[in-house]
Amino acid sequence: MRLSTKGRFAVTAMIDVALREKSGPVPLSEIAARHQISLSYLEQMFSKLRQHRLVESTRGPGGGYTLGKRKDAVTVADIIGAVEDKAPQESSHAKQDLAQDMTQALWDALNSKVTDYMQSITLRSLVLEQLAKGFKPEAKQPAKRGIFKKPTQAPVRTNAANSVFTFGKTLLAKG
């Protein structure tokens, strides 16, 4: 399993969605602003998360993303596995370097331990950790819908002349 910035951002974004989804779908633009992640980068990640059914999308005004599964059914390994590009395994039986043969068992064991650890951490546990630290999601402002009262415009009152004749009298009086 590869550990990269993409995986870290994906886990962060999923925690964000899980913390705020009670208020409705979470727009990617809000996640991008909160965590300083490029919106186009988030769109690519969430496309992969959606393909793996970890999130569901809602289009239109008030749209965004919600979790596709329960928080306790999603692990860090699921999230990282969904967004990381998995290179196909080489099937050639060419002779490997002696140095690689000597350390391959070490790297395989390490990868197995890391994968096991990430499979043991659920999205729910990460959300509970944030709530225990005192995190409180801000209340989402309801979308303004419906019929609005037309603004009333105050009448314009000037003390300027309202005709050419009055203007002329004003000039003669000043003059």
# chains A, B, ... in the order shown; residues from 1 in each chain; ligands from 1

call {"tool": "select_by_dssp", "arguments": {"residues": "chain A", "states": "strand (DSSP E or B)", "output": "PyMOL selection string"}}
result
chain A and resi 26+55-58+64-67+75+122

call {"tool": "write_last_selection", "arguments": {"atoms": "N, CA and C atoms", "output": "short mmCIF file (atom, residue, chain, number, x, y, z; two decimals), in the first residue's frame"}}
result
data_model
loop_
_atom_site.label_atom_id
_atom_site.label_comp_id
_atom_site.auth_asym_id
_atom_site.auth_seq_id
_atom_site.Cartn_x
_atom_site.Cartn_y
_atom_site.Cartn_z
N VAL A 26 -21.92 17.84 1.58
CA VAL A 26 -20.80 18.77 1.80
C VAL A 26 -20.17 19.11 0.44
N VAL A 55 -18.35 7.35 -1.18
CA VAL A 55 -19.15 8.58 -1.09
C VAL A 55 -20.25 8.54 -2.14
N GLU A 56 -21.27 9.35 -1.91
CA GLU A 56 -22.34 9.54 -2.88
C GLU A 56 -22.44 11.03 -3.16
N SER A 57 -22.77 11.37 -4.40
CA SER A 57 -22.84 12.78 -4.75
C SER A 57 -24.28 13.21 -4.99
N THR A 58 -24.53 14.49 -4.70
CA THR A 58 -25.81 15.13 -4.96
C THR A 58 -25.52 16.36 -5.80
N GLY A 64 -23.47 18.25 -3.02
CA GLY A 64 -22.15 17.95 -2.49
C GLY A 64 -22.02 16.46 -2.28
N TYR A 65 -21.24 16.08 -1.28
CA TYR A 65 -20.97 14.66 -1.03
C TYR A 65 -21.39 14.24 0.37
N THR A 66 -21.88 13.01 0.45
CA THR A 66 -22.18 12.35 1.72
C THR A 66 -21.49 10.99 1.69
N LEU A 67 -21.42 10.35 2.84
CA LEU A 67 -20.79 9.04 2.90
C LEU A 67 -21.65 8.00 2.18
N THR A 75 -12.64 2.03 6.30
CA THR A 75 -11.33 2.07 6.97
C THR A 75 -10.39 3.00 6.22
N THR A 122 -11.06 2.86 11.65
CA THR A 122 -12.28 3.19 10.91
C THR A 122 -12.47 4.71 10.85
#

call {"tool": "closest_atom_pairs", "arguments": {"of": "segment 41-86 of chain A", "to": "segment 113-119 of chain A", "cutoff": "12 Å", "atoms": "only C-alpha atoms", "output": "Markdown table"}}
result
| residue | atom | partner | partner_atom | distance |
| --- | --- | --- | --- | --- |
| A:Asp72 | CA | A:Gln119 | CA | 11.2 |
| A:Ala73 | CA | A:Gln119 | CA | 10.3 |
| A:Val74 | CA | A:Gln119 | CA | 8.8 |
| A:Thr75 | CA | A:Gln119 | CA | 5.4 |
| A:Val76 | CA | A:Met118 | CA | 5.2 |
| A:Ala77 | CA | A:Met118 | CA | 4.9 |
| A:Asp78 | CA | A:Gln119 | CA | 7.5 |
| A:Ile79 | CA | A:Met118 | CA | 9.6 |
| A:Ile80 | CA | A:Met118 | CA | 9.0 |
| A:Gly81 | CA | A:Thr115 | CA | 9.9 |

call {"tool": "atom_distance", "arguments": {"atom1": "atom CA of Leu110 of chain A", "atom2": "atom CA of Phe46 of chain A"}}
result
28.3 Å

call {"tool": "select_by_dssp", "arguments": {"residues": "segment 11-88 of chain A", "states": "alpha helix (DSSP H)", "output": "PyMOL selection string"}}
result
chain A and resi 11-20+28-35+39-51+76-83

call {"tool": "atom_distance", "arguments": {"atom1": "atom CA of Pro137 of chain A", "atom2": "atom CA of Arg20 of chain A"}}
result
6.2 Å

call {"tool": "residues_around", "arguments": {"residues": "Glu138 of chain A", "least_positions_apart": "2", "cutoff": "12 Å", "atoms": "only C-alpha atoms", "output": "VMD selection string"}}
result
chain A and resid 16 19 to 23 30 34 135 to 136 140 to 141

call {"tool": "atom_distance", "arguments": {"atom1": "atom CA of Gly7 of chain A", "atom2": "atom CA of Leu106 of chain A"}}
result
23.0 Å

call {"tool": "residues_around", "arguments": {"residues": "Glu84 of chain A", "least_positions_apart": "4", "cutoff": "12 Å", "atoms": "only C-alpha atoms", "output": "mmCIF file with N, CA and C atoms, in the first residue's frame"}}
result
data_model
loop_
_atom_site.group_PDB
_atom_site.id
_atom_site.type_symbol
_atom_site.label_atom_id
_atom_site.label_comp_id
_atom_site.auth_asym_id
_atom_site.auth_seq_id
_atom_site.Cartn_x
_atom_site.Cartn_y
_atom_site.Cartn_z
ATOM 1 N N MET A 1 0.847 -1.179 0.000
ATOM 2 C CA MET A 1 0.000 0.000 0.000
ATOM 3 C C MET A 1 0.888 1.236 0.000
ATOM 4 N N ARG A 2 0.578 2.164 -0.907
ATOM 5 C CA ARG A 2 1.363 3.392 -1.001
ATOM 6 C C ARG A 2 0.824 4.439 -0.041
ATOM 7 N N LEU A 3 1.728 5.102 0.634
ATOM 8 C CA LEU A 3 1.358 6.220 1.498
ATOM 9 C C LEU A 3 1.860 7.483 0.817
ATOM 10 N N SER A 4 0.946 8.394 0.516
ATOM 11 C CA SER A 4 1.329 9.621 -0.192
ATOM 12 C C SER A 4 0.460 10.780 0.277
ATOM 13 N N THR A 5 0.774 11.950 -0.243
ATOM 14 C CA THR A 5 -0.019 13.151 0.068
ATOM 15 C C THR A 5 -1.457 12.965 -0.406
ATOM 16 N N LYS A 6 -1.636 12.309 -1.548
ATOM 17 C CA LYS A 6 -2.984 12.082 -2.071
ATOM 18 C C LYS A 6 -3.820 11.287 -1.066
ATOM 19 N N GLY A 7 -3.229 10.242 -0.492
ATOM 20 C CA GLY A 7 -3.930 9.444 0.511
ATOM 21 C C GLY A 7 -4.243 10.257 1.757
ATOM 22 N N ARG A 8 -3.266 11.076 2.168
ATOM 23 C CA ARG A 8 -3.476 11.921 3.351
ATOM 24 C C ARG A 8 -4.616 12.907 3.128
ATOM 25 N N PHE A 9 -4.634 13.559 1.954
ATOM 26 C CA PHE A 9 -5.706 14.493 1.629
ATOM 27 C C PHE A 9 -7.057 13.776 1.568
ATOM 28 N N ALA A 10 -7.076 12.568 1.020
ATOM 29 C CA ALA A 10 -8.324 11.820 0.904
ATOM 30 C C ALA A 10 -8.882 11.483 2.290
ATOM 31 N N VAL A 11 -8.024 11.059 3.197
ATOM 32 C CA VAL A 11 -8.468 10.746 4.556
ATOM 33 C C VAL A 11 -8.985 12.012 5.240
ATOM 34 N N GLN A 44 -10.869 15.003 -8.589
ATOM 35 C CA GLN A 44 -10.279 13.745 -9.049
ATOM 36 C C GLN A 44 -10.360 12.674 -7.963
ATOM 37 N N MET A 45 -10.027 13.056 -6.721
ATOM 38 C CA MET A 45 -10.066 12.097 -5.617
ATOM 39 C C MET A 45 -11.488 11.609 -5.354
ATOM 40 N N PHE A 46 -12.449 12.528 -5.341
ATOM 41 C CA PHE A 46 -13.818 12.143 -5.032
ATOM 42 C C PHE A 46 -14.447 11.331 -6.156
ATOM 43 N N LYS A 48 -12.810 8.986 -7.701
ATOM 44 C CA LYS A 48 -12.361 7.630 -7.356
ATOM 45 C C LYS A 48 -13.082 7.111 -6.117
ATOM 46 N N LEU A 49 -13.290 7.968 -5.127
ATOM 47 C CA LEU A 49 -14.011 7.552 -3.919
ATOM 48 C C LEU A 49 -15.448 7.154 -4.267
ATOM 49 N N HIS A 52 -15.617 3.738 -5.870
ATOM 50 C CA HIS A 52 -15.491 2.688 -4.863
ATOM 51 C C HIS A 52 -16.658 2.714 -3.868
ATOM 52 N N ALA A 77 -7.574 2.137 5.159
ATOM 53 C CA ALA A 77 -7.073 1.334 4.032
ATOM 54 C C ALA A 77 -8.029 1.420 2.833
ATOM 55 N N ASP A 78 -9.346 1.448 3.091
ATOM 56 C CA ASP A 78 -10.329 1.580 2.006
ATOM 57 C C ASP A 78 -10.148 2.910 1.278
ATOM 58 N N ILE A 79 -9.981 3.968 2.050
ATOM 59 C CA ILE A 79 -9.863 5.313 1.484
ATOM 60 C C ILE A 79 -8.589 5.426 0.650
ATOM 61 N N ILE A 80 -7.471 5.031 1.228
ATOM 62 C CA ILE A 80 -6.188 5.134 0.522
ATOM 63 C C ILE A 80 -6.171 4.215 -0.694
#

call {"tool": "decode", "arguments": {"residues": "segment 9-145 of chain A", "atoms": "C-alpha atoms", "output": "JSON list (two decimals), in the first residue's frame"}}
result
[["chain", "number", "residue", "atom", "x", "y", "z"],
["A", 9, "PHE", "CA", -5.71, 14.49, 1.63],
["A", 10, "ALA", "CA", -8.32, 11.82, 0.90],
["A", 11, "VAL", "CA", -8.47, 10.75, 4.56],
["A", 12, "THR", "CA", -8.69, 14.40, 5.66],
["A", 13, "ALA", "CA", -11.51, 15.10, 3.20],
["A", 14, "MET", "CA", -13.43, 11.98, 4.25],
["A", 15, "ILE", "CA", -13.18, 12.99, 7.92],
["A", 16, "ASP", "CA", -14.49, 16.43, 6.92],
["A", 17, "VAL", "CA", -17.48, 14.90, 5.11],
["A", 18, "ALA", "CA", -18.19, 12.52, 8.01],
["A", 19, "LEU", "CA", -18.12, 15.37, 10.53],
["A", 20, "ARG", "CA", -20.48, 17.58, 8.53],
["A", 21, "GLU", "CA", -22.83, 15.26, 6.66],
["A", 22, "LYS", "CA", -25.64, 15.60, 9.25],
["A", 23, "SER", "CA", -26.13, 19.12, 7.87],
["A", 24, "GLY", "CA", -26.56, 17.75, 4.35],
["A", 25, "PRO", "CA", -24.23, 17.16, 1.40],
["A", 26, "VAL", "CA", -20.80, 18.77, 1.80],
["A", 27, "PRO", "CA", -19.61, 20.78, -1.24],
["A", 28, "LEU", "CA", -16.04, 20.16, -2.41],
["A", 29, "SER", "CA", -15.47, 23.91, -2.62],
["A", 30, "GLU", "CA", -15.96, 24.15, 1.16],
["A", 31, "ILE", "CA", -13.56, 21.25, 1.81],
["A", 32, "ALA", "CA", -11.02, 22.87, -0.53],
["A", 33, "ALA", "CA", -11.25, 26.18, 1.33],
["A", 34, "ARG", "CA", -11.05, 24.63, 4.80],
["A", 35, "HIS", "CA", -8.03, 22.45, 4.08],
["A", 36, "GLN", "CA", -6.25, 24.44, 1.33],
["A", 37, "ILE", "CA", -6.57, 21.60, -1.18],
["A", 38, "SER", "CA", -6.98, 22.33, -4.87],
["A", 39, "LEU", "CA", -10.61, 21.93, -5.96],
["A", 40, "SER", "CA", -9.63, 20.07, -9.15],
["A", 41, "TYR", "CA", -7.45, 17.71, -7.08],
["A", 42, "LEU", "CA", -10.41, 17.03, -4.77],
["A", 43, "GLU", "CA", -12.68, 16.41, -7.77],
["A", 44, "GLN", "CA", -10.28, 13.74, -9.05],
["A", 45, "MET", "CA", -10.07, 12.10, -5.62],
["A", 46, "PHE", "CA", -13.82, 12.14, -5.03],
["A", 47, "SER", "CA", -14.42, 10.64, -8.46],
["A", 48, "LYS", "CA", -12.36, 7.63, -7.36],
["A", 49, "LEU", "CA", -14.01, 7.55, -3.92],
["A", 50, "ARG", "CA", -17.41, 7.56, -5.64],
["A", 51, "GLN", "CA", -16.37, 4.72, -7.97],
["A", 52, "HIS", "CA", -15.49, 2.69, -4.86],
["A", 53, "ARG", "CA", -18.87, 3.67, -3.34],
["A", 54, "LEU", "CA", -17.25, 5.34, -0.34],
["A", 55, "VAL", "CA", -19.15, 8.58, -1.09],
["A", 56, "GLU", "CA", -22.34, 9.54, -2.88],
["A", 57, "SER", "CA", -22.84, 12.78, -4.75],
["A", 58, "THR", "CA", -25.81, 15.13, -4.96],
["A", 59, "ARG", "CA", -25.94, 17.60, -7.82],
["A", 60, "GLY", "CA", -27.37, 21.07, -8.00],
["A", 61, "PRO", "CA", -27.81, 23.87, -5.48],
["A", 62, "GLY", "CA", -27.24, 22.53, -1.99],
["A", 63, "GLY", "CA", -25.40, 19.55, -3.48],
["A", 64, "GLY", "CA", -22.15, 17.95, -2.49],
["A", 65, "TYR", "CA", -20.97, 14.66, -1.03],
["A", 66, "THR", "CA", -22.18, 12.35, 1.72],
["A", 67, "LEU", "CA", -20.79, 9.04, 2.90],
["A", 68, "GLY", "CA", -21.70, 6.02, 0.80],
["A", 69, "LYS", "CA", -21.27, 3.62, 3.71],
["A", 70, "ARG", "CA", -21.55, 3.79, 7.48],
["A", 71, "LYS", "CA", -18.57, 5.39, 9.24],
["A", 72, "ASP", "CA", -17.71, 2.15, 10.99],
["A", 73, "ALA", "CA", -17.66, 0.27, 7.67],
["A", 74, "VAL", "CA", -15.00, 2.51, 6.07],
["A", 75, "THR", "CA", -11.33, 2.07, 6.97],
["A", 76, "VAL", "CA", -8.29, 4.20, 6.25],
["A", 77, "ALA", "CA", -7.07, 1.33, 4.03],
["A", 78, "ASP", "CA", -10.33, 1.58, 2.01],
["A", 79, "ILE", "CA", -9.86, 5.31, 1.48],
["A", 80, "ILE", "CA", -6.19, 5.13, 0.52],
["A", 81, "GLY", "CA", -6.75, 2.08, -1.67],
["A", 82, "ALA", "CA", -9.51, 3.92, -3.56],
["A", 83, "VAL", "CA", -7.47, 7.02, -4.42],
["A", 84, "GLU", "CA", -4.03, 5.54, -5.03],
["A", 85, "ASP", "CA", -3.21, 4.44, -8.54],
["A", 86, "LYS", "CA", -2.37, 0.79, -8.34],
["A", 87, "ALA", "CA", 0.35, -0.20, -10.76],
["A", 88, "PRO", "CA", -0.13, -3.64, -12.29],
["A", 89, "GLN", "CA", 2.11, -6.35, -10.91],
["A", 90, "GLU", "CA", 4.93, -7.41, -13.20],
["A", 91, "SER", "CA", 4.44, -10.92, -14.41],
["A", 92, "SER", "CA", 7.90, -11.48, -15.88],
["A", 93, "HIS", "CA", 10.02, -14.12, -14.26],
["A", 94, "ALA", "CA", 13.27, -12.32, -14.98],
["A", 95, "LYS", "CA", 16.08, -12.78, -12.53],
["A", 96, "GLN", "CA", 15.80, -10.13, -9.81],
["A", 97, "ASP", "CA", 18.75, -8.28, -8.37],
["A", 98, "LEU", "CA", 20.37, -10.01, -5.43],
["A", 99, "ALA", "CA", 19.92, -6.86, -3.29],
["A", 100, "GLN", "CA", 16.17, -6.81, -3.97],
["A", 101, "ASP", "CA", 15.90, -10.52, -3.11],
["A", 102, "MET", "CA", 17.67, -9.89, 0.19],
["A", 103, "THR", "CA", 15.25, -7.15, 1.31],
["A", 104, "GLN", "CA", 12.01, -8.17, -0.41],
["A", 105, "ALA", "CA", 10.77, -10.17, 2.59],
["A", 106, "LEU", "CA", 11.39, -7.16, 4.84],
["A", 107, "TRP", "CA", 9.39, -4.80, 2.61],
["A", 108, "ASP", "CA", 6.61, -7.33, 2.14],
["A", 109, "ALA", "CA", 6.31, -7.80, 5.93],
["A", 110, "LEU", "CA", 6.35, -4.04, 6.52],
["A", 111, "ASN", "CA", 3.67, -3.47, 3.87],
["A", 112, "SER", "CA", 1.55, -6.19, 5.47],
["A", 113, "LYS", "CA", 1.84, -4.59, 8.93],
["A", 114, "VAL", "CA", 0.99, -1.12, 7.60],
["A", 115, "THR", "CA", -2.00, -2.49, 5.69],
["A", 116, "ASP", "CA", -3.25, -4.38, 8.76],
["A", 117, "TYR", "CA", -2.91, -1.23, 10.87],
["A", 118, "MET", "CA", -4.78, 0.96, 8.35],
["A", 119, "GLN", "CA", -7.55, -1.66, 8.12],
["A", 120, "SER", "CA", -7.98, -1.45, 11.88],
["A", 121, "ILE", "CA", -8.72, 2.30, 11.84],
["A", 122, "THR", "CA", -12.28, 3.19, 10.91],
["A", 123, "LEU", "CA", -13.61, 6.54, 9.78],
["A", 124, "ARG", "CA", -15.88, 6.45, 12.81],
["A", 125, "SER", "CA", -12.88, 6.25, 15.18],
["A", 126, "LEU", "CA", -11.25, 9.22, 13.43],
["A", 127, "VAL", "CA", -14.47, 11.26, 13.73],
["A", 128, "LEU", "CA", -14.82, 10.37, 17.41],
["A", 129, "GLU", "CA", -11.21, 11.42, 17.95],
["A", 130, "GLN", "CA", -11.92, 14.85, 16.43],
["A", 131, "LEU", "CA", -15.07, 15.27, 18.51],
["A", 132, "ALA", "CA", -13.15, 14.27, 21.67],
["A", 133, "LYS", "CA", -10.64, 17.04, 20.88],
["A", 134, "GLY", "CA", -13.53, 19.51, 21.01],
["A", 135, "PHE", "CA", -14.21, 19.94, 17.29],
["A", 136, "LYS", "CA", -17.66, 21.36, 16.56],
["A", 137, "PRO", "CA", -18.77, 21.66, 12.95],
["A", 138, "GLU", "CA", -20.17, 25.08, 12.18],
["A", 139, "ALA", "CA", -23.90, 25.23, 11.56],
["A", 140, "LYS", "CA", -24.73, 25.29, 7.89],
["A", 141, "GLN", "CA", -26.69, 28.35, 6.84],
["A", 142, "PRO", "CA", -29.98, 27.33, 5.21],
["A", 143, "ALA", "CA", -30.24, 28.18, 1.54],
["A", 144, "LYS", "CA", -32.43, 31.20, 0.92],
["A", 145, "ARG", "CA", -35.30, 30.00, -1.19]]
